[in-house]
file input_7.cif (mmCIF, C-alpha atoms (C1' of nucleotides))
data_run
#
loop_
_atom_site.label_atom_id
_atom_site.label_comp_id
_atom_site.auth_asym_id
_atom_site.auth_seq_id
_atom_site.Cartn_x
_atom_site.Cartn_y
_atom_site.Cartn_z
CA MET A 1 13.23 91.75 32.12
CA ARG A 2 12.93 88.14 32.84
CA VAL A 3 14.03 86.50 35.91
CA ALA A 4 17.55 86.28 34.63
CA VAL A 5 19.94 83.56 33.80
CA ASP A 6 18.94 81.64 36.86
CA ASP A 7 15.98 80.00 35.24
CA GLU A 8 18.01 78.83 32.31
CA LEU A 9 20.61 77.30 34.54
CA ASP A 10 17.86 75.67 36.57
CA ALA A 11 16.50 74.07 33.44
CA THR A 12 19.90 73.10 32.11
CA PHE A 13 21.17 71.47 35.26
CA MET A 14 17.83 69.83 35.80
CA ALA A 15 17.96 68.40 32.31
CA LEU A 16 21.46 67.08 32.89
CA ALA A 17 20.42 65.43 36.14
CA ASP A 18 18.88 62.50 34.30
CA PRO A 19 21.15 59.73 32.97
CA THR A 20 18.96 59.11 29.94
CA ARG A 21 19.13 62.76 28.99
CA ARG A 22 22.87 62.91 29.54
CA ALA A 23 23.24 59.91 27.26
CA ILE A 24 21.12 61.67 24.66
CA VAL A 25 23.28 64.76 24.91
CA ALA A 26 26.43 62.67 24.59
CA ARG A 27 24.96 60.94 21.58
CA LEU A 28 23.97 64.19 19.93
CA ALA A 29 27.44 65.58 20.45
CA ARG A 30 28.53 63.05 17.84
CA GLY A 31 25.85 64.09 15.39
CA ASP A 32 22.19 64.77 14.85
CA ALA A 33 19.71 61.98 15.37
CA THR A 34 16.02 61.25 15.13
CA VAL A 35 13.80 60.27 18.02
CA ASN A 36 13.80 56.65 16.96
CA ASP A 37 17.58 56.61 16.69
CA LEU A 38 17.84 58.04 20.16
CA ALA A 39 15.34 55.60 21.60
CA VAL A 40 17.20 52.47 20.53
CA PRO A 41 19.77 52.20 23.33
CA PHE A 42 17.22 52.83 26.04
CA ASN A 43 14.69 50.49 27.44
CA MET A 44 11.97 53.05 27.26
CA THR A 45 8.86 53.76 25.21
CA LEU A 46 8.94 56.34 22.50
CA PRO A 47 6.73 58.81 24.35
CA GLY A 48 9.16 58.54 27.20
CA ILE A 49 12.04 59.59 24.98
CA SER A 50 9.88 62.28 23.48
CA LYS A 51 9.31 63.74 26.91
CA HIS A 52 13.00 63.77 27.64
CA LEU A 53 13.62 65.56 24.39
CA LYS A 54 11.07 68.14 25.31
CA VAL A 55 12.86 68.76 28.58
CA LEU A 56 16.17 69.10 26.75
CA GLU A 57 14.63 71.45 24.26
CA ARG A 58 13.06 73.62 26.91
CA SER A 59 16.42 73.91 28.60
CA GLY A 60 18.00 75.02 25.34
CA LEU A 61 20.37 72.06 25.25
CA ILE A 62 18.96 70.83 21.98
CA SER A 63 16.93 72.17 19.11
CA ARG A 64 14.93 70.41 16.48
CA SER A 65 14.17 70.76 12.83
CA ARG A 66 11.95 68.96 10.41
CA HIS A 67 12.69 66.65 7.52
CA ALA A 68 9.56 65.06 6.19
CA GLN A 69 8.10 63.13 9.12
CA TYR A 70 11.41 63.14 10.98
CA ARG A 71 12.23 65.68 13.63
CA PRO A 72 15.97 65.42 14.01
CA CYS A 73 17.58 66.73 17.17
CA HIS A 74 20.78 68.59 17.40
CA LEU A 75 22.84 69.71 20.30
CA GLU A 76 23.06 73.41 21.16
CA PRO A 77 26.41 73.97 22.79
CA ALA A 78 25.51 77.40 24.15
CA ALA A 79 23.48 75.92 27.00
CA LEU A 80 26.29 73.53 27.74
CA ASP A 81 28.69 76.46 27.84
CA ALA A 82 26.50 78.36 30.27
CA ALA A 83 26.49 75.46 32.69
CA LEU A 84 30.20 75.02 32.22
CA SER A 85 30.84 78.67 32.98
CA TRP A 86 28.82 78.62 36.11
CA ILE A 87 30.70 75.68 37.54
CA GLU A 88 34.06 77.09 36.47
CA THR A 89 33.37 80.33 38.26
CA SER A 90 32.74 78.65 41.59
CA ARG A 91 35.61 76.31 41.00
CA ARG A 92 37.97 79.19 40.32
CA THR A 93 36.81 81.14 43.37
CA TRP A 94 37.57 78.11 45.47
CA THR A 95 41.03 77.70 44.01
CA GLU A 96 41.90 81.36 44.30
CA ARG A 97 40.99 81.31 47.90
CA PHE A 98 43.70 78.78 48.53
CA ASP A 99 46.16 80.49 46.27
CA LYS A 100 45.74 83.63 48.32
CA LEU A 101 46.18 81.72 51.52
CA ASP A 102 49.33 80.13 50.18
CA ALA A 103 50.72 83.47 49.12
CA HIS A 104 49.93 84.87 52.50
CA LEU A 105 51.75 82.05 54.21
CA ARG A 106 54.76 82.43 51.96
CA ASP A 107 54.75 86.11 52.70
CA ILE A 108 54.77 85.50 56.39
CA GLN A 109 57.58 83.03 56.16
CA GLN A 110 59.81 85.11 53.91
CA GLY A 111 59.09 88.51 55.31
CA HIS A 112 59.20 87.90 58.97
CA ILE A 113 61.43 84.95 59.35
CA HIS A 114 64.32 86.95 60.74
CA GLN A 115 62.14 89.26 62.69
CA ALA A 116 60.83 87.64 65.76
CA ALA A 117 61.14 84.06 64.70
CA PRO A 118 59.28 82.53 67.57
CA ALA A 119 61.17 79.59 68.85
CA SER A 120 58.94 76.87 67.58
CA GLY A 121 55.26 77.40 67.17
CA GLU A 122 54.99 78.62 63.57
CA GLU A 123 51.64 77.30 62.56
CA ALA A 124 49.41 77.89 59.61
CA ALA A 125 46.54 78.00 61.95
CA ASP A 126 44.02 80.25 60.49
CA HIS A 127 41.39 81.86 62.48
CA ASP A 128 37.73 81.18 61.95
CA MET B 1 29.29 47.12 40.71
CA ARG B 2 26.02 48.71 40.09
CA VAL B 3 26.40 52.14 41.41
CA ALA B 4 28.24 53.71 38.55
CA VAL B 5 29.37 57.27 38.22
CA ASP B 6 25.98 58.00 36.82
CA ASP B 7 24.31 58.21 40.16
CA GLU B 8 26.79 60.73 41.44
CA LEU B 9 26.33 62.91 38.41
CA ASP B 10 22.58 62.59 38.80
CA ALA B 11 22.83 63.86 42.33
CA THR B 12 25.31 66.59 41.50
CA PHE B 13 23.42 68.05 38.58
CA MET B 14 20.17 67.73 40.47
CA ALA B 15 21.68 69.62 43.35
CA LEU B 16 22.88 72.36 41.03
CA ALA B 17 19.45 72.68 39.44
CA ASP B 18 18.17 74.78 42.32
CA PRO B 19 19.07 78.48 42.50
CA THR B 20 19.22 78.49 46.28
CA ARG B 21 21.65 75.60 46.26
CA ARG B 22 23.78 77.19 43.55
CA ALA B 23 23.95 80.34 45.65
CA ILE B 24 25.03 78.26 48.60
CA VAL B 25 27.74 76.62 46.54
CA ALA B 26 28.92 80.00 45.30
CA ARG B 27 28.97 81.30 48.83
CA LEU B 28 30.94 78.31 50.11
CA ALA B 29 33.49 78.74 47.35
CA ARG B 30 34.53 81.89 49.20
CA GLY B 31 34.83 80.12 52.51
CA ASP B 32 33.18 77.83 54.99
CA ALA B 33 29.95 78.91 56.63
CA THR B 34 27.41 77.76 59.17
CA VAL B 35 23.79 77.02 58.44
CA ASN B 36 22.67 80.29 59.96
CA ASP B 37 25.21 82.21 57.89
CA LEU B 38 23.95 80.55 54.77
CA ALA B 39 20.33 81.18 55.62
CA VAL B 40 20.67 84.95 55.94
CA PRO B 41 20.48 85.95 52.26
CA PHE B 42 17.51 83.73 51.56
CA ASN B 43 13.95 84.31 52.48
CA MET B 44 13.57 80.81 53.77
CA THR B 45 13.22 79.04 57.08
CA LEU B 46 16.15 77.28 58.65
CA PRO B 47 14.75 73.79 58.07
CA GLY B 48 14.45 74.72 54.42
CA ILE B 49 18.12 75.59 54.23
CA SER B 50 18.94 72.47 56.18
CA LYS B 51 17.20 70.37 53.59
CA HIS B 52 19.11 72.02 50.79
CA LEU B 53 22.34 71.33 52.62
CA LYS B 54 21.40 67.71 52.95
CA VAL B 55 20.86 67.51 49.22
CA LEU B 56 24.22 69.14 48.61
CA GLU B 57 25.90 66.81 51.05
CA ARG B 58 24.34 63.73 49.51
CA SER B 59 25.61 64.82 46.13
CA GLY B 60 29.11 65.21 47.50
CA LEU B 61 29.23 68.91 46.70
CA ILE B 62 29.71 69.85 50.32
CA SER B 63 30.83 68.19 53.53
CA ARG B 64 30.29 69.18 57.11
CA SER B 65 32.22 69.12 60.31
CA ARG B 66 31.42 70.00 63.85
CA HIS B 67 32.59 72.83 66.07
CA ALA B 68 30.65 72.92 69.29
CA GLN B 69 27.04 73.39 68.28
CA TYR B 70 27.98 74.67 64.83
CA ARG B 71 28.08 72.42 61.79
CA PRO B 72 30.10 74.38 59.28
CA CYS B 73 29.85 73.48 55.60
CA HIS B 74 32.77 73.22 53.20
CA LEU B 75 32.67 72.99 49.46
CA GLU B 76 34.07 69.79 48.02
CA PRO B 77 35.50 70.65 44.64
CA ALA B 78 35.75 67.04 43.52
CA ALA B 79 32.02 66.82 42.78
CA LEU B 80 32.20 70.12 40.96
CA ASP B 81 35.08 68.76 38.91
CA ALA B 82 33.16 65.62 38.01
CA ALA B 83 30.28 67.67 36.65
CA LEU B 84 32.70 69.94 34.85
CA SER B 85 34.42 67.00 33.23
CA TRP B 86 31.24 65.48 32.03
CA ILE B 87 30.13 68.65 30.30
CA GLU B 88 33.57 69.28 28.86
CA THR B 89 33.63 65.85 27.30
CA SER B 90 30.42 66.38 25.40
CA ARG B 91 31.46 69.88 24.53
CA ARG B 92 34.76 68.68 23.11
CA THR B 93 33.14 65.91 21.11
CA TRP B 94 30.85 68.46 19.57
CA THR B 95 33.70 70.78 18.68
CA GLU B 96 35.85 68.03 17.23
CA ARG B 97 33.00 66.98 15.04
CA PHE B 98 33.04 70.38 13.39
CA ASP B 99 36.77 70.50 13.22
CA LYS B 100 36.67 67.27 11.29
CA LEU B 101 33.91 68.54 9.08
CA ASP B 102 35.86 71.69 8.37
CA ALA B 103 38.92 69.70 7.49
CA HIS B 104 36.82 67.58 5.22
CA LEU B 105 35.32 70.60 3.51
CA ARG B 106 38.73 72.14 3.01
CA ASP B 107 39.85 68.87 1.54
CA ILE B 108 36.93 68.81 -0.83
CA GLN B 109 37.43 72.40 -1.87
CA GLN B 110 41.09 71.94 -2.63
CA GLY B 111 40.69 68.64 -4.43
CA HIS B 112 37.38 69.01 -6.12
CA ILE B 113 36.63 72.65 -6.60
CA HIS B 114 34.21 71.86 -9.35
CA GLN B 115 31.81 70.34 -6.89
CA ALA B 116 29.25 72.56 -5.29
CA ALA B 117 30.58 73.92 -2.04
CA PRO B 118 27.92 74.03 0.64
CA ALA B 119 27.60 77.49 2.05
CA SER B 120 27.56 76.87 5.75
CA GLY B 121 25.97 73.52 5.83
CA GLU B 122 26.00 72.10 9.28
CA GLU B 123 24.61 68.77 8.32
CA ALA B 124 26.13 65.59 9.40
CA ALA B 125 23.37 63.30 8.80
CA ASP B 126 22.95 59.78 8.02
CA HIS B 127 19.43 59.95 6.91
CA ASP B 128 17.65 60.43 3.64
"C1'" DG C 1 -8.46 57.48 -0.74
"C1'" DT C 2 -5.72 53.53 2.38
"C1'" DA C 3 -1.66 51.92 4.56
"C1'" DG C 4 2.61 52.70 6.94
"C1'" DT C 5 6.23 55.25 9.50
"C1'" DA C 6 7.71 58.86 12.84
"C1'" DT C 7 6.47 61.34 16.57
"C1'" DT C 8 3.47 63.67 19.74
"C1'" DT C 9 -0.53 64.40 22.91
"C1'" DA C 10 -3.76 62.80 26.47
"C1'" DA C 11 -4.66 60.75 30.70
"C1'" DC C 12 -3.04 58.46 34.49
"C1'" DT C 13 0.01 56.46 38.46
"C1'" DT C 14 3.79 56.81 41.21
"C1'" DG C 15 7.26 58.93 43.63
"C1'" DA C 16 10.25 62.66 44.79
"C1'" DC C 17 11.02 67.43 46.14
"C1'" DA C 18 10.35 72.31 48.02
"C1'" DG C 19 8.42 74.68 51.47
"C1'" DC C 20 6.15 75.34 55.84
"C1'" DT C 21 5.33 74.85 61.30
"C1'" DA C 22 6.12 72.51 65.48
"C1'" DA C 23 8.85 69.67 68.19
"C1'" DT C 24 13.45 67.71 69.23
"C1'" DT C 25 18.48 66.94 69.67
"C1'" DA C 26 23.08 68.76 70.73
"C1'" DA C 27 26.19 71.75 72.73
"C1'" DC C 28 27.37 75.79 75.41
"C1'" DT C 29 26.47 79.11 79.54
"C1'" DA C 30 24.96 80.85 83.89
"C1'" DT D 1 19.74 72.82 87.35
"C1'" DA D 2 17.53 75.64 83.76
"C1'" DG D 3 18.11 78.58 79.74
"C1'" DT D 4 20.02 79.82 75.15
"C1'" DT D 5 21.74 79.07 70.59
"C1'" DA D 6 22.47 75.98 66.49
"C1'" DA D 7 20.61 72.81 63.72
"C1'" DT D 8 17.81 68.85 62.74
"C1'" DT D 9 13.78 65.71 62.43
"C1'" DA D 10 8.83 64.90 61.92
"C1'" DG D 11 4.72 65.59 59.68
"C1'" DC D 12 2.07 67.91 56.39
"C1'" DT D 13 0.87 69.92 51.69
"C1'" DG D 14 1.16 71.26 46.94
"C1'" DT D 15 3.68 70.72 42.88
"C1'" DC D 16 6.06 68.49 39.37
"C1'" DA D 17 8.72 64.88 36.97
"C1'" DA D 18 9.16 60.05 35.03
"C1'" DG D 19 7.15 56.44 33.14
"C1'" DT D 20 3.29 53.94 31.19
"C1'" DT D 21 -0.64 52.81 27.42
"C1'" DA D 22 -3.83 54.36 24.01
"C1'" DA D 23 -5.09 57.58 20.69
"C1'" DA D 24 -3.98 61.35 17.59
"C1'" DT D 25 -1.08 64.01 14.31
"C1'" DA D 26 2.09 64.69 10.40
"C1'" DC D 27 4.04 63.11 6.81
"C1'" DT D 28 5.27 59.53 2.69
"C1'" DA D 29 3.97 56.24 -0.67
"C1'" DC D 30 0.88 53.38 -3.24
#

call {"tool": "encode", "arguments": {"input": "input_7.cif", "output": "structure tokens"}}
result
Amino acid sequence: MRVAVDDELDATFMALADPTRRAIVARLARGDATVNDLAVPFNMTLPGISKHLKVLERSGLISRSRHAQYRPCHLEPAALDAALSWIETSRRTWTERFDKLDAHLRDIQQGHIHQAAPASGEEAADHD
Amino acid sequence: MRVAVDDELDATFMALADPTRRAIVARLARGDATVNDLAVPFNMTLPGISKHLKVLERSGLISRSRHAQYRPCHLEPAALDAALSWIETSRRTWTERFDKLDAHLRDIQQGHIHQAAPASGEEAADHD
DNA sequence: GTAGTATTTAACTTGACAGCTAATTAACTA
DNA sequence: TAGTTAATTAGCTGTCAAGTTAAATACTAC
């Protein structure tokens, strides 16, 4: 058993942390491209781009094939999906937390409004 | 106007590239916590955690307030959303590309059946 | 074979980051 | 006042990533 999904997410997020690599990913989303194609928009040497591609490949964000002397890159959406899922999970947890709080507050207001109905101090103040 | 959105995404993805920091984010999605709270599950010194929190704060993923000597951390979903959006955009571009290709292939099949229909050719390709 | 194109590897510099320990600031408590 | 808890800063180290140039590899074409 490997060290789990963690390492893949590490590599994926790390790969996406560089603007050049994000631009490459965005470019590859539109279609496959060779290293030279990818290098054009960037003010960087070819070995530099090659290194970035290696990082992207290691993270699973792209894969590469071979056509003659070209090594075209193509995007692998699965890695993108994994990163997406991770963020969505935390995001949803956060939202649900507030949904629950809202429901709780509504409950208090509707259920106990005619009960004691303290004269004025009905606050949402929540604890710690 | 130099500091584009890029830098924020750099910082956000970089912050998410560390498993400890992702765990912290996941923990904070469930509710605010102090530094000591956050440190418990990790086999790491307090200054270590403090550094991670600084990285998260710089990226905008969390913010901090002050209660007496405590400095509780809160998740800031906006940074999470920005990262989410970026990935979704590339993901959607990728999907649309295949939707268009599929439509094109259907078109070809219906109009020109006599042509060879590529099995599952995923080429897009402007080379050769 | 030689030449040319596409891409990678090697070797190196620079700078940032993760982790530690020790010392320090900030706020509360007795 | 001193003492305690919460958290940070300072200083150090080892590691690793980003970029470079120069040389090597993998093909195509003559």

call {"tool": "resolve_selection", "arguments": {"input": "input_7.cif", "expression": "the PyMOL selection byres ((chain C and resi 11) around 12)", "output": "ChimeraX atom specification"}}
result
/C:9-10,12-13 /D:20-23

call {"tool": "atom_distance", "arguments": {"input": "input_7.cif", "atom1": "atom C1' of C:DT7", "atom2": "atom CA of A:Glu57"}}
result
15.1 Å

call {"tool": "interface_residues", "arguments": {"input": "input_7.cif", "of": "chain B", "to": "chain C", "cutoff": "7 Å", "atoms": "all atoms listed in the file", "output": "list in words"}}
result
Gly48, Ala68 and Gln69 of chain B

call {"tool": "interface_residues", "arguments": {"input": "input_7.cif", "of": "chain A", "to": "chain D", "cutoff": "12 Å", "atoms": "only C-alpha atoms (C1' of nucleotides)", "output": "number ranges by chain"}}
result
A: 14-15, 17-18, 20-21, 43-52, 55, 66-71

call {"tool": "atom_distance", "arguments": {"input": "input_7.cif", "atom1": "atom CA of B:Ile62", "atom2": "atom CA of B:Thr34"}}
result
12.1 Å

call {"tool": "interface_residues", "arguments": {"input": "input_7.cif", "of": "chain B", "to": "chain A", "cutoff": "6 Å", "atoms": "all atoms listed in the file", "output": "number ranges by chain"}}
result
B: 10, 13-14, 17-18, 26, 29, 90, 93-94

call {"tool": "build_atoms", "arguments": {"input": "input_7.cif", "residues": "stretch 80-110 of chain A", "atoms": "N, CA and C atoms", "output": "short mmCIF file (atom, residue, chain, number, x, y, z; two decimals), in the coordinates of the input"}}
result
data_model
loop_
_atom_site.label_atom_id
_atom_site.label_comp_id
_atom_site.auth_asym_id
_atom_site.auth_seq_id
_atom_site.Cartn_x
_atom_site.Cartn_y
_atom_site.Cartn_z
N LEU A 80 25.21 74.27 27.10
CA LEU A 80 26.29 73.53 27.74
C LEU A 80 27.36 74.49 28.26
N ASP A 81 27.67 75.47 27.45
CA ASP A 81 28.69 76.46 27.84
C ASP A 81 28.26 77.26 29.07
N ALA A 82 26.99 77.58 29.12
CA ALA A 82 26.50 78.36 30.27
C ALA A 82 26.67 77.57 31.56
N ALA A 83 26.33 76.30 31.50
CA ALA A 83 26.49 75.46 32.69
C ALA A 83 27.97 75.34 33.06
N LEU A 84 28.75 75.12 32.03
CA LEU A 84 30.20 75.02 32.22
C LEU A 84 30.74 76.27 32.91
N SER A 85 30.35 77.41 32.41
CA SER A 85 30.84 78.67 32.98
C SER A 85 30.47 78.81 34.44
N TRP A 86 29.25 78.45 34.73
CA TRP A 86 28.82 78.62 36.11
C TRP A 86 29.70 77.79 37.03
N ILE A 87 29.89 76.55 36.68
CA ILE A 87 30.70 75.68 37.54
C ILE A 87 32.13 76.20 37.62
N GLU A 88 32.67 76.61 36.48
CA GLU A 88 34.06 77.09 36.47
C GLU A 88 34.25 78.29 37.38
N THR A 89 33.26 79.15 37.41
CA THR A 89 33.37 80.33 38.26
C THR A 89 33.51 79.95 39.74
N SER A 90 32.63 79.08 40.19
CA SER A 90 32.74 78.65 41.59
C SER A 90 34.05 77.91 41.83
N ARG A 91 34.38 77.09 40.87
CA ARG A 91 35.61 76.31 41.00
C ARG A 91 36.82 77.24 41.12
N ARG A 92 36.84 78.28 40.32
CA ARG A 92 37.97 79.19 40.32
C ARG A 92 38.03 79.97 41.63
N THR A 93 36.87 80.43 42.08
CA THR A 93 36.81 81.14 43.37
C THR A 93 37.42 80.29 44.48
N TRP A 94 37.04 79.04 44.48
CA TRP A 94 37.57 78.11 45.47
C TRP A 94 39.09 78.01 45.38
N THR A 95 39.59 77.85 44.20
CA THR A 95 41.03 77.70 44.01
C THR A 95 41.77 78.97 44.41
N GLU A 96 41.23 80.09 43.99
CA GLU A 96 41.90 81.36 44.30
C GLU A 96 41.98 81.61 45.79
N ARG A 97 40.99 81.15 46.46
CA ARG A 97 40.99 81.31 47.90
C ARG A 97 42.22 80.64 48.50
N PHE A 98 42.54 79.48 47.99
CA PHE A 98 43.70 78.78 48.53
C PHE A 98 45.00 79.36 48.02
N ASP A 99 44.97 79.84 46.80
CA ASP A 99 46.16 80.49 46.27
C ASP A 99 46.52 81.69 47.14
N LYS A 100 45.50 82.45 47.49
CA LYS A 100 45.74 83.63 48.32
C LYS A 100 46.29 83.22 49.69
N LEU A 101 45.72 82.19 50.22
CA LEU A 101 46.18 81.72 51.52
C LEU A 101 47.64 81.28 51.43
N ASP A 102 47.95 80.57 50.38
CA ASP A 102 49.33 80.13 50.18
C ASP A 102 50.28 81.32 50.09
N ALA A 103 49.88 82.28 49.30
CA ALA A 103 50.72 83.47 49.12
C ALA A 103 50.93 84.17 50.46
N HIS A 104 49.86 84.24 51.19
CA HIS A 104 49.93 84.87 52.50
C HIS A 104 50.92 84.13 53.40
N LEU A 105 50.85 82.83 53.37
CA LEU A 105 51.75 82.05 54.21
C LEU A 105 53.20 82.22 53.76
N ARG A 106 53.40 82.21 52.46
CA ARG A 106 54.76 82.43 51.96
C ARG A 106 55.27 83.78 52.41
N ASP A 107 54.40 84.75 52.31
CA ASP A 107 54.75 86.11 52.70
C ASP A 107 55.20 86.15 54.16
N ILE A 108 54.42 85.53 54.97
CA ILE A 108 54.77 85.50 56.39
C ILE A 108 56.12 84.85 56.61
N GLN A 109 56.32 83.74 55.95
CA GLN A 109 57.58 83.03 56.16
C GLN A 109 58.79 83.82 55.67
N GLN A 110 58.67 84.39 54.48
CA GLN A 110 59.81 85.11 53.91
C GLN A 110 60.03 86.47 54.55
#
